[in-house]
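Here is model_16.csv, consisting of CSV, C-alpha atoms:
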chain,number,residue,atom,x,y,z
A,1427,MET,CA,-24.8,58.9,132.9
A,1428,ASP,CA,-21.3,57.7,132.2
A,1429,PRO,CA,-19.1,60.8,131.4
A,1430,LEU,CA,-16.2,58.6,130.3
A,1431,GLY,CA,-18.4,56.7,127.9
A,1432,ASP,CA,-19.7,59.9,126.3
A,1433,LEU,CA,-16.2,61.2,125.8
A,1434,GLY,CA,-15.0,58.0,124.3
A,1435,ARG,CA,-17.9,58.0,121.7
A,1436,ARG,CA,-17.1,61.7,120.8
A,1437,VAL,CA,-13.4,61.0,120.3
A,1438,GLU,CA,-14.3,57.9,118.3
A,1439,ASP,CA,-16.6,59.9,116.0
A,1440,ALA,CA,-14.1,62.6,115.5
A,1441,VAL,CA,-11.2,60.2,114.8
A,1442,GLY,CA,-13.5,58.1,112.4
A,1443,GLY,CA,-14.4,61.3,110.4
A,1444,VAL,CA,-10.7,62.3,110.1
A,1445,ALA,CA,-9.8,58.7,109.1
A,1446,GLN,CA,-12.5,58.6,106.4
A,1447,THR,CA,-11.4,61.9,105.0
A,1448,VAL,CA,-7.8,60.8,104.9
A,1449,ALA,CA,-8.7,57.5,103.3
A,1450,ASP,CA,-10.7,59.2,100.5
A,1451,GLN,CA,-7.9,61.6,99.7
A,1452,VAL,CA,-5.3,58.8,99.7
A,1453,VAL,CA,-7.4,56.7,97.4
A,1454,GLU,CA,-8.0,59.6,95.1
A,1455,GLN,CA,-4.3,60.3,94.9
A,1456,VAL,CA,-3.5,56.6,94.3
A,1457,VAL,CA,-6.1,56.4,91.5
A,1458,ARG,CA,-4.7,59.5,89.9
A,1459,ALA,CA,-1.2,58.3,90.1
A,1460,LEU,CA,-2.1,54.8,88.7
A,1461,ASP,CA,-1.4,54.1,85.0
A,1462,VAL,CA,-4.2,51.7,84.2
A,1463,ASP,CA,-2.8,50.8,80.8
A,1464,GLU,CA,0.5,49.9,82.2
A,1465,LEU,CA,-1.3,47.8,84.9
A,1466,LEU,CA,-3.3,46.0,82.2
A,1467,ASP,CA,-0.1,45.3,80.2
A,1468,ARG,CA,1.4,43.7,83.2
A,1469,ILE,CA,-1.6,41.3,83.6
A,1470,ASP,CA,-1.2,37.9,81.9
A,1471,VAL,CA,-4.6,37.7,80.4
A,1472,ASN,CA,-4.2,34.1,79.3
A,1473,ALA,CA,-3.3,33.0,82.7
A,1474,LEU,CA,-6.3,34.9,84.0
A,1475,LEU,CA,-8.6,33.2,81.5
A,1476,ASP,CA,-7.2,29.8,82.4
A,1477,ARG,CA,-8.4,30.4,85.9
A,1478,ILE,CA,-11.9,31.3,84.7
A,1479,ASP,CA,-14.5,28.5,84.6
A,1480,VAL,CA,-16.1,29.4,81.3
A,1481,GLY,CA,-18.8,26.8,81.6
A,1482,ARG,CA,-20.0,28.2,84.8
A,1483,LEU,CA,-19.8,31.7,83.4
A,1484,LEU,CA,-21.9,30.7,80.4
A,1485,ASP,CA,-24.5,29.1,82.7
A,1486,ARG,CA,-25.0,32.4,84.3
A,1487,VAL,CA,-25.7,34.1,80.9
A,1488,ASP,CA,-29.3,34.5,79.9
A,1489,VAL,CA,-28.9,33.5,76.2
A,1490,GLU,CA,-32.5,34.2,75.3
A,1491,ARG,CA,-32.3,37.7,76.6
A,1492,LEU,CA,-29.0,38.2,74.8
A,1493,ILE,CA,-30.5,37.1,71.5
A,1494,ASP,CA,-33.5,39.4,72.0
A,1495,ARG,CA,-31.1,42.3,72.2
A,1496,VAL,CA,-29.4,41.3,68.9
A,1497,ASP,CA,-30.7,43.1,65.8
A,1498,VAL,CA,-30.6,40.1,63.4
A,1499,GLU,CA,-31.7,42.2,60.4
A,1500,ARG,CA,-28.9,44.6,60.9
A,1501,LEU,CA,-26.5,41.8,61.4
A,1502,ILE,CA,-27.5,40.2,58.1
A,1503,GLU,CA,-27.2,43.5,56.3
A,1504,ARG,CA,-23.6,43.7,57.3
A,1505,VAL,CA,-22.9,40.2,55.9
A,1506,ASP,CA,-21.4,40.2,52.4
A,1507,ILE,CA,-23.4,37.3,50.9
A,1508,ASP,CA,-21.5,37.4,47.6
A,1509,ALA,CA,-18.2,37.0,49.4
A,1510,LEU,CA,-19.6,34.2,51.5
A,1511,LEU,CA,-20.9,32.4,48.5
A,1512,ARG,CA,-17.5,32.8,46.7
A,1513,ARG,CA,-16.0,30.8,49.5
A,1514,VAL,CA,-18.6,27.9,49.1
A,1515,ASP,CA,-17.4,24.9,47.1
A,1516,VAL,CA,-20.7,24.2,45.3
A,1517,ASP,CA,-19.4,21.1,43.6
A,1518,ALA,CA,-18.4,19.6,46.9
A,1519,LEU,CA,-21.8,20.6,48.3
A,1520,VAL,CA,-23.7,19.0,45.5
A,1521,GLY,CA,-21.5,15.9,45.7
A,1522,ARG,CA,-22.7,15.5,49.3
A,1523,ILE,CA,-26.4,15.5,48.3
A,1524,ASP,CA,-28.0,12.0,48.0
A,1525,VAL,CA,-30.0,12.6,44.9
A,1526,GLY,CA,-31.4,9.0,45.0
A,1527,ALA,CA,-32.8,9.6,48.4
A,1528,ILE,CA,-34.5,12.8,47.2
A,1529,VAL,CA,-35.9,11.1,44.2
A,1530,ASP,CA,-37.2,8.3,46.4
A,1531,ARG,CA,-39.2,10.8,48.3
A,1532,VAL,CA,-40.8,12.3,45.2
A,1533,ASP,CA,-44.2,11.0,44.2
A,1534,VAL,CA,-43.6,10.7,40.4
A,1535,ASN,CA,-47.3,9.9,39.7
A,1536,GLU,CA,-48.3,13.0,41.5
A,1537,VAL,CA,-45.8,15.0,39.5
A,1538,VAL,CA,-47.1,13.5,36.2
A,1539,ASN,CA,-50.7,14.2,37.2
A,1540,ARG,CA,-49.8,17.9,37.7
A,1541,VAL,CA,-48.4,18.2,34.2
A,1542,ASP,CA,-50.8,20.0,31.9
A,1543,LEU,CA,-50.4,17.7,28.9
A,1544,ASP,CA,-52.6,19.9,26.7
A,1545,GLU,CA,-50.3,22.9,27.4
A,1546,LEU,CA,-47.2,20.8,26.9
A,1547,VAL,CA,-48.3,19.5,23.5
A,1548,GLN,CA,-49.4,23.0,22.4
A,1549,GLN,CA,-46.2,24.7,23.6
A,1550,THR,CA,-43.7,22.2,22.3
A,1551,GLU,CA,-43.1,20.0,19.3
A,1552,LEU,CA,-44.1,17.0,21.2
A,1553,GLY,CA,-47.5,16.8,19.5
A,1554,ALA,CA,-45.9,16.9,16.1
A,1555,ILE,CA,-43.4,14.2,17.0
A,1556,VAL,CA,-46.2,12.0,18.3
A,1557,ALA,CA,-48.2,12.6,15.3
A,1558,LYS,CA,-45.4,11.8,12.9
A,1559,SER,CA,-44.2,8.7,14.8
A,1560,THR,CA,-47.6,7.1,15.3
A,1561,SER,CA,-50.1,8.4,12.9
A,1562,GLY,CA,-51.0,6.9,9.6
A,1563,LEU,CA,-54.1,6.6,7.6
A,1564,ALA,CA,-55.0,3.3,9.3
A,1565,THR,CA,-54.3,4.7,12.8
A,1566,GLU,CA,-56.4,7.7,12.1
A,1567,ALA,CA,-59.2,5.5,10.7
A,1568,LEU,CA,-59.0,3.4,13.9
A,1569,ASP,CA,-59.2,6.4,16.1
A,1570,VAL,CA,-62.3,7.6,14.2
A,1571,VAL,CA,-64.0,4.1,14.3
A,1572,ARG,CA,-63.4,3.6,18.0
A,1573,SER,CA,-64.4,7.1,18.9
A,1574,GLN,CA,-67.6,6.9,16.9
A,1575,GLY,CA,-68.3,3.5,18.5
A,1576,VAL,CA,-68.0,4.9,22.0
A,1577,GLY,CA,-70.2,7.9,21.0
A,1578,LEU,CA,-72.9,5.6,19.6
A,1579,ASP,CA,-72.7,3.4,22.8
A,1580,VAL,CA,-73.2,6.4,25.0
A,1581,PHE,CA,-76.1,7.7,23.0
A,1582,PHE,CA,-77.7,4.2,22.8
A,1583,HIS,CA,-77.4,3.4,26.5
A,1584,ARG,CA,-78.6,6.9,27.5
A,1585,TRP,CA,-81.8,6.2,25.7
A,1586,ILE,CA,-82.1,2.7,27.1
A,1587,ASP,CA,-81.8,4.2,30.6
A,1588,ARG,CA,-84.5,6.8,29.8
A,1589,ILE,CA,-86.8,4.1,28.5
A,1590,LEU,CA,-86.2,2.0,31.6
A,1591,ARG,CA,-86.6,5.1,33.8
A,1592,ARG,CA,-83.3,4.3,35.4
A,1593,HIS,CA,-82.0,7.2,37.3
A,1594,ASP,CA,-79.6,5.5,39.7
A,1595,ARG,CA,-76.0,5.6,38.7
A,1596,LEU,CA,-74.8,2.3,37.3
A,1597,PRO,CA,-71.4,0.7,37.9
A,1598,ALA,CA,-69.0,2.2,35.4
A,1599,GLY,CA,-66.7,-0.7,35.2
A,1600,PRO,CA,-65.0,-3.6,36.9
A,1601,PRO,CA,-63.7,-2.6,40.4
A,1602,LEU,CA,-60.0,-3.2,39.5
A,1603,LEU,CA,-60.3,-0.9,36.4
A,1604,VAL,CA,-62.6,1.9,37.6
A,1605,PRO,CA,-62.0,3.5,41.0
A,1606,LEU,CA,-64.9,3.3,43.4
A,1607,GLU,CA,-65.4,7.1,43.5
A,1608,ALA,CA,-66.1,7.0,39.7
A,1609,THR,CA,-68.8,4.5,40.2
A,1610,ALA,CA,-70.4,5.8,43.4
B,649,MET,CA,-63.0,14.3,12.2
B,650,ILE,CA,-63.4,13.7,15.9
B,651,ALA,CA,-64.7,16.5,18.2
B,652,ALA,CA,-62.6,17.6,21.1
B,653,ASP,CA,-65.2,16.8,23.7
B,654,THR,CA,-65.7,13.3,22.2
B,655,ILE,CA,-62.0,12.5,22.5
B,656,GLU,CA,-62.1,13.6,26.1
B,657,GLN,CA,-65.0,11.3,26.7
B,658,ASP,CA,-63.1,8.4,25.0
B,659,VAL,CA,-60.2,8.9,27.4
B,660,SER,CA,-62.4,9.0,30.4
B,661,LEU,CA,-64.4,5.9,29.5
B,662,GLN,CA,-61.4,3.6,29.2
B,663,GLY,CA,-61.9,0.6,31.5
B,664,HIS,CA,-65.6,1.1,31.6
B,665,TYR,CA,-68.1,-1.5,30.5
B,666,ALA,CA,-68.4,-1.5,26.7
B,667,GLY,CA,-71.7,-0.7,25.1
B,668,GLY,CA,-73.9,-2.9,22.9
B,669,ILE,CA,-73.1,-1.1,19.6
B,670,THR,CA,-69.4,-1.6,19.6
B,671,ARG,CA,-69.7,-5.1,20.9
B,672,LEU,CA,-72.2,-6.0,18.1
B,673,ALA,CA,-69.8,-4.4,15.5
B,674,ALA,CA,-66.8,-6.3,16.9
B,675,PHE,CA,-68.8,-9.5,16.9
B,676,ALA,CA,-69.9,-9.0,13.3
B,677,LEU,CA,-66.3,-8.2,12.3
B,678,ASP,CA,-65.1,-11.4,14.0
B,679,MET,CA,-67.7,-13.5,12.3
B,680,GLY,CA,-66.9,-12.0,9.0
B,681,ALA,CA,-63.2,-12.5,9.5
B,682,SER,CA,-63.4,-16.0,10.8
B,683,GLY,CA,-65.9,-17.0,8.1
B,684,LEU,CA,-63.7,-15.5,5.4
B,685,VAL,CA,-60.6,-17.3,6.7
B,686,TYR,CA,-62.5,-20.6,6.9
B,687,VAL,CA,-63.9,-20.3,3.3
B,688,VAL,CA,-60.5,-19.4,2.0
B,689,ALA,CA,-58.8,-22.2,3.9
B,690,LEU,CA,-61.4,-24.8,2.5
B,691,ALA,CA,-60.9,-23.4,-1.0
B,692,ALA,CA,-57.2,-23.7,-0.7
B,693,ILE,CA,-57.5,-27.3,0.6
B,694,SER,CA,-59.8,-28.2,-2.3
B,695,TYR,CA,-57.4,-26.7,-4.7
B,696,GLY,CA,-54.5,-28.6,-3.2
B,697,ILE,CA,-56.4,-31.9,-3.3
B,698,GLN,CA,-57.4,-31.3,-6.9
B,699,LEU,CA,-53.8,-30.5,-7.8
B,700,VAL,CA,-52.4,-33.6,-6.2
B,701,THR,CA,-55.1,-36.2,-6.9
B,702,GLY,CA,-57.1,-34.6,-9.7
B,703,ILE,CA,-60.3,-35.1,-7.7
B,704,SER,CA,-62.6,-32.1,-7.2
B,705,VAL,CA,-63.9,-31.9,-3.6
B,706,ASP,CA,-67.3,-30.6,-2.9
B,707,TRP,CA,-67.6,-29.7,0.8
B,708,GLY,CA,-71.4,-29.7,0.5
B,709,ASN,CA,-71.2,-33.5,0.4
B,710,HIS,CA,-69.2,-33.5,3.7
B,711,SER,CA,-71.5,-31.4,5.8
B,712,LEU,CA,-70.6,-33.2,9.1
B,713,PHE,CA,-66.9,-32.6,8.5
B,714,SER,CA,-67.6,-29.0,7.5
B,715,VAL,CA,-69.6,-28.4,10.7
B,716,ILE,CA,-67.1,-30.0,13.0
B,717,THR,CA,-64.1,-28.1,11.4
B,718,LEU,CA,-66.1,-24.9,11.4
B,719,ALA,CA,-66.9,-25.3,15.0
B,720,GLY,CA,-63.3,-26.1,15.9
B,721,TRP,CA,-62.0,-23.2,13.9
B,722,VAL,CA,-64.5,-20.7,15.5
B,723,PHE,CA,-63.5,-22.1,18.9
B,724,ILE,CA,-59.8,-21.5,18.2
B,725,TYR,CA,-60.5,-18.1,16.6
B,726,PHE,CA,-62.1,-16.8,19.7
B,727,ALA,CA,-60.6,-18.8,22.6
B,728,TYR,CA,-56.9,-18.4,21.7
B,729,PRO,CA,-56.8,-14.6,21.3
B,730,TRP,CA,-59.1,-14.1,24.4
B,731,ALA,CA,-56.7,-16.3,26.4
B,732,THR,CA,-53.6,-14.6,25.2
B,733,SER,CA,-54.5,-10.9,24.8
B,734,GLY,CA,-58.2,-10.7,25.9
B,735,LYS,CA,-59.3,-9.4,22.5
B,736,SER,CA,-60.3,-11.0,19.2
B,737,LEU,CA,-59.6,-9.3,15.9
B,738,GLY,CA,-62.9,-7.5,15.9
B,739,MET,CA,-62.4,-6.4,19.5
B,740,ALA,CA,-58.9,-5.1,18.8
B,741,VAL,CA,-60.3,-3.0,15.9
B,742,LEU,CA,-63.1,-1.6,18.0
B,743,GLY,CA,-60.9,-1.2,21.1
B,744,LEU,CA,-62.6,-3.7,23.4
B,745,ARG,CA,-61.2,-6.3,25.8
B,746,VAL,CA,-62.6,-9.2,27.7
B,747,VAL,CA,-61.6,-9.2,31.4
B,748,ARG,CA,-62.7,-11.1,34.5
B,749,SER,CA,-65.7,-9.5,36.2
B,750,SER,CA,-63.3,-8.1,38.7
B,751,GLY,CA,-61.3,-6.5,36.0
B,752,ALA,CA,-58.4,-9.0,36.2
B,753,LEU,CA,-56.9,-10.5,33.1
B,754,LEU,CA,-58.6,-13.4,31.4
B,755,ASN,CA,-57.0,-16.8,31.7
B,756,ALA,CA,-57.2,-19.8,29.3
B,757,LYS,CA,-59.9,-21.6,31.4
B,758,HIS,CA,-62.3,-18.6,31.4
B,759,ALA,CA,-61.6,-17.9,27.8
B,760,ALA,CA,-62.5,-21.5,26.8
B,761,ILE,CA,-65.7,-21.3,29.0
B,762,ARG,CA,-66.7,-18.0,27.4
B,763,THR,CA,-66.2,-19.4,23.9
B,764,LEU,CA,-68.2,-22.6,24.7
B,765,ALA,CA,-71.0,-20.5,26.3
B,766,LEU,CA,-71.1,-18.0,23.5
B,767,PRO,CA,-73.7,-20.0,21.4
B,768,LEU,CA,-76.0,-20.2,24.4
B,769,SER,CA,-76.5,-16.5,24.3
B,770,PHE,CA,-77.9,-16.8,20.8
B,771,LEU,CA,-80.5,-19.3,21.7
B,772,LEU,CA,-84.2,-18.2,22.0
B,773,PHE,CA,-83.7,-15.3,19.6
B,774,GLY,CA,-80.7,-14.0,21.3
B,775,LEU,CA,-82.3,-13.7,24.7
B,776,GLY,CA,-78.9,-14.2,26.4
B,777,LEU,CA,-77.7,-10.9,24.8
B,778,VAL,CA,-80.4,-8.8,26.4
B,779,GLY,CA,-78.1,-8.3,29.4
B,780,ILE,CA,-75.8,-6.3,27.3
B,781,VAL,CA,-78.6,-3.8,26.6
B,782,ILE,CA,-80.4,-3.6,29.9
B,783,GLY,CA,-78.0,-5.1,32.4
B,784,ARG,CA,-76.3,-3.0,35.0
B,785,GLU,CA,-72.9,-4.4,34.0
B,786,ARG,CA,-73.7,-5.0,30.4
B,787,ARG,CA,-72.9,-8.7,30.6
B,788,ALA,CA,-74.4,-11.3,28.2
B,789,LEU,CA,-75.3,-14.8,29.3
B,790,HIS,CA,-71.9,-16.1,28.2
B,791,ASP,CA,-70.2,-13.3,30.3
B,792,VAL,CA,-72.2,-14.4,33.4
B,793,ILE,CA,-71.4,-18.1,32.8
B,794,ALA,CA,-67.6,-17.4,32.3
B,795,ASP,CA,-67.5,-14.6,35.0
B,796,THR,CA,-66.2,-12.1,32.4
B,797,ALA,CA,-67.0,-8.6,31.3
B,798,VAL,CA,-66.1,-6.5,28.2
B,799,VAL,CA,-64.6,-3.1,28.6
B,800,TYR,CA,-63.2,-0.3,26.5
B,801,ALA,CA,-59.4,-0.8,26.3
B,802,TRP,CA,-57.7,1.2,23.6
B,803,ASP,CA,-55.0,3.7,23.9
B,804,ALA,CA,-57.3,6.7,23.9
B,805,ARG,CA,-54.7,8.9,25.4
B,806,ALA,CA,-52.4,8.4,22.4
B,807,ALA,CA,-55.4,9.0,20.1
B,808,ARG,CA,-56.0,12.2,22.1
B,809,LEU,CA,-52.3,13.2,21.5
B,810,ARG,CA,-52.6,12.5,17.8
B,811,PHE,CA,-55.8,14.5,17.7
B,812,MET,CA,-54.2,17.4,19.5
B,813,ALA,CA,-51.2,17.2,17.2
B,814,ARG,CA,-53.4,17.4,14.2
B,815,SER,CA,-55.2,20.3,15.7
B,816,THR,CA,-52.0,22.2,16.3
B,817,GLU,CA,-50.7,21.4,12.8
B,818,THR,CA,-53.9,22.9,11.2
B,819,PRO,CA,-54.2,26.2,13.0
B,820,ALA,CA,-57.5,27.3,11.5
B,821,PRO,CA,-60.1,25.9,14.0
B,822,GLN,CA,-59.9,26.6,17.7
B,823,ALA,CA,-60.5,23.0,18.4
B,824,THR,CA,-58.0,22.7,21.3
B,825,VAL,CA,-58.8,20.5,24.1
B,826,SER,CA,-59.7,22.1,27.4
B,827,SER,CA,-56.6,22.8,29.6
B,828,ARG,CA,-57.6,20.8,32.6
B,829,PRO,CA,-55.0,18.4,34.0
B,830,PRO,CA,-55.1,14.8,32.6
B,831,ARG,CA,-56.6,12.0,34.6
B,832,ALA,CA,-54.3,9.7,36.5
B,833,ARG,CA,-55.4,6.5,34.8
B,834,ASP,CA,-56.5,7.3,31.3
B,835,ALA,CA,-56.4,4.0,29.5
B,836,VAL,CA,-56.3,0.3,30.0
B,837,GLU,CA,-53.6,-0.6,27.7
B,838,GLY,CA,-54.0,-4.1,26.2
Is it possible to give me this structure as structure tokens?
Amino acid sequence: MDPLGDLGRRVEDAVGGVAQTVADQVVEQVVRALDVDELLDRIDVNALLDRIDVGRLLDRVDVERLIDRVDVERLIERVDIDALLRRVDVDALVGRIDVGAIVDRVDVNEVVNRVDLDELVQQTELGAIVAKSTSGLATEALDVVRSQGVGLDVFFHRWIDRILRRHDRLPAGPPLLVPLEATA
Amino acid sequence: MIAADTIEQDVSLQGHYAGGITRLAAFALDMGASGLVYVVALAAISYGIQLVTGISVDWGNHSLFSVITLAGWVFIYFAYPWATSGKSLGMAVLGLRVVRSSGALLNAKHAAIRTLALPLSFLLFGLGLVGIVIGRERRALHDVIADTAVVYAWDARAARLRFMARSTETPAPQATVSSRPPRARDAVEG
């Protein structure tokens, strides 16, 4: 046992407790007395920001997590689209579009194939225009003669194929004129 | 009047091997036209000679000359239009066209060969023409010799438009064509 050591520890504990209490009260008093607004006014924020390494700060930000917390729908709802569009120079925007490049990427044949010609002729004056510009008695007669000829050919050769008991599909036409799938 | 389904068939058959009926009709038309032109030309020449010299020419007494000129005229009548457009007058009327067996355009050489080989098909009671009826590619002997084929080649799509226009102008029948999209390659335009 060391009586002096014991005494020392007791005195130290007592003094430590008193010092903690005094410190708490002092800090409390200082905080109460402090005018935070005035303190902030005295801070040169720009100088403070100049000292901040923003890049390093951003590296520490978890952007994905930040985005997850953003309510995009609500954000969009708050955007005044009309006001935004009013500020857009549409002519300048259109002027920057390379129409030629867009047209180059369009498959015109595919577009034409998707046109319902029957519907087009029936819904517009196109049919009447074609009829007036190209039809005549001779043209109509030619149409009939050619069409009847084709019909007779089909009828005649269908019977020939039956007589010859030919069931396999014949080549429809020369390979350059008739696609293979039409023949096969 | 043409039926709607017939006109659809016409469009779809463009570029296909032509059948025997239309080829026979086209040939008959060609022979009639060439013969008529030949007879008219001989008559005009006779008339001219008679006007100038006062001598009446009887072509029956010049049979060799008549045969040679007729053969020459028939050769020119068929070979020239086949070489230039692939179709003679009768073929143009019936909407046919001569092409190479591959489908390529006919050139002067093959047009001349086809014309020279044409009479061979009529030998032995037209045995050379049997291929048009029973052949897989409907080629006659002269087609095989000249490496050619005959296909439908008229603007059936324009005819279809004319038909549809006439149908829309006369609203009574419901003879409108089915509303399926058109084919990519409808006609082999000559």
Per residue of chain A within 6 Å of chain B, note the shortest atom pair and the distance in Å to one decimal, counting all atoms listed in the file, and order the rows by chain and increasing residue number, as CSV.
residue,atom,partner,partner_atom,distance
A:Asn1539,CA,B:Ala832,CA,5.8
A:Asp1542,CA,B:Pro829,CA,5.0
A:Asp1544,CA,B:Ser827,CA,5.7
A:Gly1553,CA,B:Ala813,CA,4.4
A:Ala1554,CA,B:Ala813,CA,5.4
A:Ala1557,CA,B:Arg810,CA,5.1
A:Arg1572,CA,B:Leu742,CA,5.2
A:Gly1575,CA,B:Thr670,CA,5.3
A:Asp1579,CA,B:Gly667,CA,4.8
A:Leu1596,CA,B:Arg784,CA,6.0
A:Ala1598,CA,B:His664,CA,5.2
A:Gly1599,CA,B:His664,CA,4.2
A:Pro1600,CA,B:Gly751,CA,4.8
A:Pro1601,CA,B:Ser750,CA,5.8
A:Leu1602,CA,B:Gly751,CA,5.0
A:Leu1603,CA,B:Gly663,CA,5.4
Item to check | Separation of atom CA of B:Arg745 from atom CA of B:Leu789 in Å | outcome: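 According to the coordinates, atom CA of B:Leu789 and atom CA of B:Arg745 are separated by 16.8 Å.
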Checklist entry - At what distance in Å, to one decimal, does atom CA of B:Val746 lie from atom CA of A:Leu1590? => result 26.4 Å
Around the point (-62.6, -15.3, 28.5), in the coordinates given by the file, pick out the residues reaching within 9 Å, counting all atoms listed in the file, and return them as a CSV table (one decimal) with C-alpha atoms, keeping the file's coordinate frame.
chain,number,residue,atom,x,y,z
B,726,PHE,CA,-62.1,-16.8,19.7
B,727,ALA,CA,-60.6,-18.8,22.6
B,730,TRP,CA,-59.1,-14.1,24.4
B,731,ALA,CA,-56.7,-16.3,26.4
B,734,GLY,CA,-58.2,-10.7,25.9
B,746,VAL,CA,-62.6,-9.2,27.7
B,747,VAL,CA,-61.6,-9.2,31.4
B,748,ARG,CA,-62.7,-11.1,34.5
B,753,LEU,CA,-56.9,-10.5,33.1
B,754,LEU,CA,-58.6,-13.4,31.4
B,755,ASN,CA,-57.0,-16.8,31.7
B,756,ALA,CA,-57.2,-19.8,29.3
B,757,LYS,CA,-59.9,-21.6,31.4
B,758,HIS,CA,-62.3,-18.6,31.4
B,759,ALA,CA,-61.6,-17.9,27.8
B,760,ALA,CA,-62.5,-21.5,26.8
B,761,ILE,CA,-65.7,-21.3,29.0
B,762,ARG,CA,-66.7,-18.0,27.4
B,763,THR,CA,-66.2,-19.4,23.9
B,791,ASP,CA,-70.2,-13.3,30.3
B,794,ALA,CA,-67.6,-17.4,32.3
B,795,ASP,CA,-67.5,-14.6,35.0
B,796,THR,CA,-66.2,-12.1,32.4
B,797,ALA,CA,-67.0,-8.6,31.3
Item to check | Polymer residues at most 10 Å from (-63.5, -21.1, 16.4) by all atoms listed in the file, as a list in words | outcome: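 Counting all atoms listed in the file, I find these residues within 10 Å of (-63.5, -21.1, 16.4): Met679, Ser682, Gly683, Tyr686, Thr717, Leu718, Ala719, Gly720, Trp721, Val722, Phe723, Ile724, Tyr725, Phe726, Ala727, Tyr728, Thr763 and Leu764 of chain B.
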Next on the checklist: As an exercise, work out the distance from atom CA of B:Gly776 to atom CA of B:Leu712 in Å and give it to one decimal place.
Outcome noted: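 Separating atom CA of B:Gly776 from atom CA of B:Leu712 is a distance of 27.0 Å.
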Provide an axis-aligned box for all listed atoms of stretch 1594-1603 of chain A, padding each side by 4 Å; report its centre and its edge lengths in Å to one decimal, as AutoDock Vina command-line options.
--center_x -69.8 --center_y 1.0 --center_z 37.8 --size_x 27.6 --size_y 17.2 --size_z 13.2
